[in-house]
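S.K.: Here it is: the structure, laid out below.
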Amino acid sequence: MMARGRAAPLAMVPDATPAASEPATHRGQSEAAARAAYDARLAQSPDWPVAPGDWRGRLMRRLASPGPRYAFAGFLLFFGLWYLLTAVVVPPRFNFIPNPAYLFGQWTSKVPQYGISLFTPEYYEHIRVSVIRVYTAFVISVALGAPLGILLGWSRLGRNLLFPIVEMLRPIPPLAWVPLAVLSLSGTESAVIFVTMLASFFATVLNTYLGVRSIPETYFRAAACLGYRRLDILRRVVIPGALPFIFTGLQIAMGVAWFSLVGGELIAGRSGLGYLILDGYTQLALPNIFIGMITLGVLGWASSAVIRKIGDVLMAWHVKGRGEGA
Amino acid sequence: MNASATGFALRRDRLLRAIRNPVLWQGAAGVATFFLVWQIAKAIGFLAVLPSPLDVARGVPQQMVQEGYWLSWVASGRRVFLGFFAAAVLAVTLGIAMGMSRKLRSGGFPILEILRPIPPLAWLPLAILFWPSPEMTMMFLTFLGAFFPIFINVLAGIDNIDARYIQAARSLGSSPRTLFWRVLVPGALPALFTGLSIAIGITWEVVIAAEMASGQHGLGYLTWNAYMGQSLVGIVVGMLSIGVAGMASSGVMSWIGKRAMPWRRGH
């Protein structure tokens, strides 16, 4: 992204040169007309900005650039290969995999062979259960994790006392907690939510902590000189300073929440998309496995996108350009 | 002899300073309080199913001498590292290729972006059906878990190399090969190691879940087996072993990272 931003002025040069030489060839034209022709020529350049509301122009511009054409070729190759391997020449272990056309037909069918499609209430029931679990776990983990992270980052005593405990528990993967959670919490529902919560809790704590630690010491000193009380420092220095890291943490947290949810539902669930996949396996209803996987992918992606959007709105001042985590 | 005496004094001073360090003491106090609260809660009657820390401490040697305990380490470690290495090789190759060729990137990246949000564990049933042996199933899952974080980070690493470095190298007349080894590789290395350390954590999570759902042997299976046998100490020992294994792997990864990037040692 950054590389393209830097390359833009270079790319404009070849477009600009012929237009600039144009007035010389049409000496009779007025200067205004030459300038208009030059502007029109520049507007053709792929680097010329499109008006913010001009959706059609933006779409045409994107389709005209070589990127989408290669992307389309890539998709064609991917689905073509999939179709070829599952419908035309079927190698030994591919025989049970449904071909993409059949899969799409089942997904959008009113009377699906295995009871799950866009038109069956069961499908939405599984989605509802999984979404509620993920968001409950996410809200709990942020509500607990962000304050703990701030405490760890801000108070030296808090850090010295609590950080070793966090570091001791963090390496244990959330899914290793499944047996203990199932035994010690009543019902599978709270066990699955607990397991889903764990990973996002640690991601939130760690990133909030790093965020608070990243705030320059001088900001605290300036705040102290200006006579800020502790609460003011928290509101004006600590939280805004840590916000970029917190949002990175929230994105990671959302990703790992979906990840752990699937694990929890596979091992201990009775409903939800993870269970739909497992059920598809035990009933040998292959389309359901694929529908579950694709739905999980879409929901996980959409959840992260929402968080990124909220972060962009909240941190208008923050320059983007952070790498991505898990 | 004099030199060794001062060396000894130096080491003793360092040790003494470490012992007097309040950070160490407060940390120890925190961890001790954690276990104390756990033990007291157990004694009062909370946490009815959880074993007390003392039970766990007594159970550790007992579990360790059990047949198959160390074999589980080997089994899980093998699955993790084989999947991880396969993922690392493929992800680095693809990441570099897509980082350097715009055509390849526009063609291949969107498909990978569509596959990426699908959680690795969601592939489990399909993988069980597809691969002929459970061993290959689990390696495929660890491969999937490790592939995307490494790939994304290699790509981001190459993207974030300062364009002026590449221009400088070009104007100094470096061949594509030199450009690759002297600019791109060192520039992308920090991001690669970020990706590797994220990936090794994910592979351990994936392997644990896969072993619980479908495994034979392995630390996840050990924990699941303890659950089936209602051995709570066994469950906790299993969890601790998994934690230690994951921590050791991350430690190895960051050690290699430090060796590979000597110029970043100060960071």
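Letters A, B, ... mark the chains of the structure tokens in the order given; residue numbers begin at 1 per chain; ligand numbers begin at 1, in order shown.
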Please return, as a VMD selection string, all residues of chain B lying within 7 Å of chain A when only C-alpha atoms are considered.
M.R.: chain B and resid 23 26 to 27 29 to 31 49 103 106 to 108 110 to 111 117 to 119 121 to 122 125 130 149 156 159 to 160 163 198 205 208 to 209 213 220 224 227 239 to 240 242 to 243 246 to 247
S.K.: What are the DSSP alpha helix (DSSP H) residues of stretch 75-198 of chain B, as a PyMOL selection string?
M.R.: chain B and resi 75-100+102-115+124-130+134-159+163-171+176-178+185-198
S.K.: Tell me which of B:Arg58, B:Phe140, B:Gly99, B:Val37 sits closest to B:Val154, counting only C-alpha atoms.
M.R.: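 Going through B:Arg58, B:Phe140, B:Gly99, B:Val37 one by one, the smallest distance to B:Val154 is for B:Gly99.
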S.K.: Could you give me, as a short mmCIF file (atom, residue, chain, number, x, y, z; two decimals) with N, CA, C and O atoms, in the first residue's frame, the residues within 9 Å of B:Asn225, counting only C-alpha atoms and dropping anything in the same chain fewer than 6 positions from it?
M.R.:
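Dumped to selection02.cif:
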```cif
data_model
loop_
_atom_site.label_atom_id
_atom_site.label_comp_id
_atom_site.auth_asym_id
_atom_site.auth_seq_id
_atom_site.Cartn_x
_atom_site.Cartn_y
_atom_site.Cartn_z
N MET B 212 -7.81 -33.68 20.44
CA MET B 212 -8.97 -33.93 21.29
C MET B 212 -10.12 -34.48 20.47
O MET B 212 -10.86 -35.36 20.91
N SER B 231 -9.92 -37.99 35.59
CA SER B 231 -8.74 -37.70 36.40
C SER B 231 -8.44 -36.21 36.27
O SER B 231 -7.87 -35.76 35.28
N GLY B 234 -4.88 -35.25 36.12
CA GLY B 234 -4.38 -35.54 34.77
C GLY B 234 -4.69 -34.42 33.80
O GLY B 234 -3.85 -34.03 33.00
N ILE B 235 -5.91 -33.86 33.89
CA ILE B 235 -6.29 -32.76 33.00
C ILE B 235 -5.36 -31.57 33.22
O ILE B 235 -4.82 -31.00 32.27
#
```
S.K.: In Å to one decimal, how far is atom CA of B:Val80 from atom CA of A:Ala181?
M.R.: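 These atoms are spaced 24.5 Å apart.
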S.K.: Nearest to B:Leu155: which of B:Leu184, B:Ala28, B:Ala57, B:Val236 is it, counting only C-alpha atoms?
M.R.: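 Of B:Leu184, B:Ala28, B:Ala57, B:Val236, the one nearest B:Leu155, counting only C-alpha atoms, is B:Leu184.
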S.K.: From the list B:Val233, B:Ala32, B:Leu196, B:Ala210, which residue is nearest B:Val92 when using only C-alpha atoms?
M.R.: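 Ranked by minimum distance to B:Val92, first place goes to B:Leu196.
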S.K.: Would you mind listing what lies within 12 Å of B:Leu179 as an MDAnalysis selection string, with only C-alpha atoms counted and same-chain residues fewer than 5 positions away left out?
M.R.: chainID B and resid 100 165:174 184:187
S.K.: Selected residues, N, CA and C atoms, written as an mmCIF file, in the first residue's frame, please.
M.R.:
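What landed in part.cif:
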```cif
data_model
loop_
_atom_site.group_PDB
_atom_site.id
_atom_site.type_symbol
_atom_site.label_atom_id
_atom_site.label_comp_id
_atom_site.auth_asym_id
_atom_site.auth_seq_id
_atom_site.Cartn_x
_atom_site.Cartn_y
_atom_site.Cartn_z
ATOM 1 N N MET B 100 6.930 -9.648 -4.903
ATOM 2 C CA MET B 100 7.762 -9.100 -5.959
ATOM 3 C C MET B 100 7.040 -8.966 -7.289
ATOM 4 N N TYR B 165 15.402 2.287 -0.253
ATOM 5 C CA TYR B 165 16.466 1.272 -0.164
ATOM 6 C C TYR B 165 16.616 0.561 -1.505
ATOM 7 N N ILE B 166 15.453 0.198 -2.091
ATOM 8 C CA ILE B 166 15.493 -0.509 -3.362
ATOM 9 C C ILE B 166 16.053 0.394 -4.448
ATOM 10 N N GLN B 167 15.607 1.665 -4.446
ATOM 11 C CA GLN B 167 16.116 2.599 -5.447
ATOM 12 C C GLN B 167 17.610 2.816 -5.279
ATOM 13 N N ALA B 168 18.043 2.946 -4.019
ATOM 14 C CA ALA B 168 19.465 3.145 -3.766
ATOM 15 C C ALA B 168 20.277 1.960 -4.275
ATOM 16 N N ALA B 169 19.787 0.751 -3.975
ATOM 17 C CA ALA B 169 20.512 -0.439 -4.411
ATOM 18 C C ALA B 169 20.591 -0.493 -5.929
ATOM 19 N N ARG B 170 19.445 -0.150 -6.586
ATOM 20 C CA ARG B 170 19.414 -0.178 -8.046
ATOM 21 C C ARG B 170 20.397 0.832 -8.619
ATOM 22 N N SER B 171 20.390 2.041 -8.053
ATOM 23 C CA SER B 171 21.248 3.073 -8.645
ATOM 24 C C SER B 171 22.710 2.801 -8.355
ATOM 25 N N LEU B 172 22.984 1.987 -7.335
ATOM 26 C CA LEU B 172 24.378 1.588 -7.096
ATOM 27 C C LEU B 172 24.745 0.389 -7.954
ATOM 28 N N GLY B 173 23.809 -0.047 -8.791
ATOM 29 C CA GLY B 173 24.110 -1.077 -9.775
ATOM 30 C C GLY B 173 24.069 -2.489 -9.244
ATOM 31 N N SER B 174 23.205 -2.770 -8.260
ATOM 32 C CA SER B 174 23.171 -4.145 -7.748
ATOM 33 C C SER B 174 22.342 -5.010 -8.681
ATOM 34 N N LEU B 184 15.928 -7.153 0.198
ATOM 35 C CA LEU B 184 14.599 -7.709 0.480
ATOM 36 C C LEU B 184 14.622 -8.654 1.670
ATOM 37 N N VAL B 185 15.577 -9.579 1.691
ATOM 38 C CA VAL B 185 15.589 -10.570 2.777
ATOM 39 C C VAL B 185 15.812 -9.919 4.145
ATOM 40 N N PRO B 186 16.868 -9.111 4.310
ATOM 41 C CA PRO B 186 17.024 -8.502 5.644
ATOM 42 C C PRO B 186 15.866 -7.580 5.993
ATOM 43 N N GLY B 187 15.274 -6.930 4.983
ATOM 44 C CA GLY B 187 14.174 -6.008 5.250
ATOM 45 C C GLY B 187 12.920 -6.718 5.718
#
```
S.K.: Kindly provide the residues of stretch 72-146 of chain A that approach stretch 189-197 of chain A to within 7 Å, each paired with its closest atom pair and their distance in Å to one decimal, based on only C-alpha atoms, listed by chain and increasing number, as JSON lines.
M.R.:
```
{"residue": "A:Arg133", "atom": "CA", "partner": "A:Ile193", "partner_atom": "CA", "distance": 5.8}
{"residue": "A:Val134", "atom": "CA", "partner": "A:Thr196", "partner_atom": "CA", "distance": 6.8}
{"residue": "A:Ala137", "atom": "CA", "partner": "A:Met197", "partner_atom": "CA", "distance": 4.5}
{"residue": "A:Phe138", "atom": "CA", "partner": "A:Met197", "partner_atom": "CA", "distance": 6.2}
{"residue": "A:Ser141", "atom": "CA", "partner": "A:Met197", "partner_atom": "CA", "distance": 5.7}
```
S.K.: Just want the 9 Å neighbourhood of A:Gly272, counted on only C-alpha atoms, with same-chain residues fewer than 6 positions away dropped. Output as a PDB file with N, CA, C and O atoms, in the first residue's frame.
M.R.:
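Listed below is the output, around.pdb:
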```pdb
ATOM      1  N   GLU A 125     -30.612 -20.431  12.594  1.00  0.00           N
ATOM      2  CA  GLU A 125     -30.529 -20.775  14.013  1.00  0.00           C
ATOM      3  C   GLU A 125     -29.063 -21.039  14.410  1.00  0.00           C
ATOM      4  O   GLU A 125     -28.564 -20.527  15.404  1.00  0.00           O
ATOM      5  N   HIS A 126     -28.355 -21.837  13.569  1.00  0.00           N
ATOM      6  CA  HIS A 126     -26.935 -22.106  13.834  1.00  0.00           C
ATOM      7  C   HIS A 126     -26.135 -20.809  13.827  1.00  0.00           C
ATOM      8  O   HIS A 126     -25.284 -20.586  14.690  1.00  0.00           O
ATOM      9  N   ILE A 127     -26.410 -19.954  12.855  1.00  0.00           N
ATOM     10  CA  ILE A 127     -25.684 -18.682  12.773  1.00  0.00           C
ATOM     11  C   ILE A 127     -25.942 -17.855  14.028  1.00  0.00           C
ATOM     12  O   ILE A 127     -25.026 -17.320  14.641  1.00  0.00           O
ATOM     13  N   ARG A 128     -27.241 -17.783  14.436  1.00  0.00           N
ATOM     14  CA  ARG A 128     -27.613 -16.976  15.591  1.00  0.00           C
ATOM     15  C   ARG A 128     -26.847 -17.457  16.840  1.00  0.00           C
ATOM     16  O   ARG A 128     -26.239 -16.662  17.551  1.00  0.00           O
ATOM     17  N   VAL A 129     -26.872 -18.784  17.050  1.00  0.00           N
ATOM     18  CA  VAL A 129     -26.219 -19.336  18.236  1.00  0.00           C
ATOM     19  C   VAL A 129     -24.726 -18.967  18.245  1.00  0.00           C
ATOM     20  O   VAL A 129     -24.195 -18.479  19.243  1.00  0.00           O
ATOM     21  N   SER A 130     -24.058 -19.173  17.109  1.00  0.00           N
ATOM     22  CA  SER A 130     -22.617 -18.907  17.068  1.00  0.00           C
ATOM     23  C   SER A 130     -22.317 -17.427  17.262  1.00  0.00           C
ATOM     24  O   SER A 130     -21.399 -17.065  18.000  1.00  0.00           O
ATOM     25  N   VAL A 131     -23.091 -16.569  16.603  1.00  0.00           N
ATOM     26  CA  VAL A 131     -22.826 -15.131  16.697  1.00  0.00           C
ATOM     27  C   VAL A 131     -23.015 -14.658  18.135  1.00  0.00           C
ATOM     28  O   VAL A 131     -22.198 -13.915  18.675  1.00  0.00           O
ATOM     29  N   ARG A 133     -22.722 -16.399  20.845  1.00  0.00           N
ATOM     30  CA  ARG A 133     -21.596 -16.889  21.653  1.00  0.00           C
ATOM     31  C   ARG A 133     -20.363 -16.021  21.466  1.00  0.00           C
ATOM     32  O   ARG A 133     -19.717 -15.617  22.428  1.00  0.00           O
ATOM     33  N   VAL A 262     -15.026 -22.310  17.080  1.00  0.00           N
ATOM     34  CA  VAL A 262     -15.155 -23.512  16.256  1.00  0.00           C
ATOM     35  C   VAL A 262     -14.614 -24.716  17.010  1.00  0.00           C
ATOM     36  O   VAL A 262     -15.251 -25.782  17.053  1.00  0.00           O
ATOM     37  N   GLU A 265     -17.053 -25.647  19.777  1.00  0.00           N
ATOM     38  CA  GLU A 265     -18.279 -26.262  19.259  1.00  0.00           C
ATOM     39  C   GLU A 265     -18.033 -27.651  18.692  1.00  0.00           C
ATOM     40  O   GLU A 265     -18.891 -28.534  18.783  1.00  0.00           O
TER      41      GLU A 265
END
```
S.K.: Which neighbours of B:Leu192 fall inside 6 Å, counting only C-alpha atoms, when residues of the same chain fewer than 2 positions from it are skipped, and could you give them as a list in words?
M.R.: Asn153, Val154, Leu189, Pro190, Thr194 and Gly195 of chain B
S.K.: Could those residues be written to a file, using N, CA, C and O atoms, as an mmCIF file, in the first residue's frame?
M.R.:
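In the end it all went to result29.cif:
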```cif
data_model
loop_
_atom_site.group_PDB
_atom_site.id
_atom_site.type_symbol
_atom_site.label_atom_id
_atom_site.label_comp_id
_atom_site.auth_asym_id
_atom_site.auth_seq_id
_atom_site.Cartn_x
_atom_site.Cartn_y
_atom_site.Cartn_z
ATOM 1 N N ASN B 153 2.503 -11.944 6.995
ATOM 2 C CA ASN B 153 3.580 -11.134 7.549
ATOM 3 C C ASN B 153 4.745 -10.981 6.589
ATOM 4 O O ASN B 153 5.371 -9.924 6.551
ATOM 5 N N VAL B 154 5.048 -12.033 5.815
ATOM 6 C CA VAL B 154 6.115 -11.902 4.820
ATOM 7 C C VAL B 154 5.729 -10.837 3.796
ATOM 8 O O VAL B 154 6.527 -9.957 3.437
ATOM 9 N N LEU B 189 12.880 -9.743 7.138
ATOM 10 C CA LEU B 189 13.144 -10.722 8.201
ATOM 11 C C LEU B 189 12.403 -10.442 9.520
ATOM 12 O O LEU B 189 11.823 -11.368 10.096
ATOM 13 N N PRO B 190 12.394 -9.196 10.006
ATOM 14 C CA PRO B 190 11.667 -8.959 11.267
ATOM 15 C C PRO B 190 10.190 -9.343 11.166
ATOM 16 O O PRO B 190 9.654 -9.995 12.064
ATOM 17 N N THR B 194 8.012 -12.235 13.215
ATOM 18 C CA THR B 194 6.726 -11.974 13.871
ATOM 19 C C THR B 194 5.727 -13.030 13.434
ATOM 20 O O THR B 194 5.028 -13.636 14.256
ATOM 21 N N GLY B 195 5.672 -13.257 12.130
ATOM 22 C CA GLY B 195 4.745 -14.251 11.599
ATOM 23 C C GLY B 195 5.025 -15.632 12.145
ATOM 24 O O GLY B 195 4.114 -16.360 12.541
#
```
S.K.: Using only C-alpha atoms for the distances, tell me which of B:Phe46, B:Trp73, B:Phe35, B:Trp25 is nearest to B:Thr223.
M.R.: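 The closest residue to B:Thr223 is B:Trp73.
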S.K.: Counting only C-alpha atoms, figure out which residue out of B:Leu115, B:Pro53, B:Ala226, B:Pro61 gets nearest to B:Ala41.
M.R.: B:Pro53
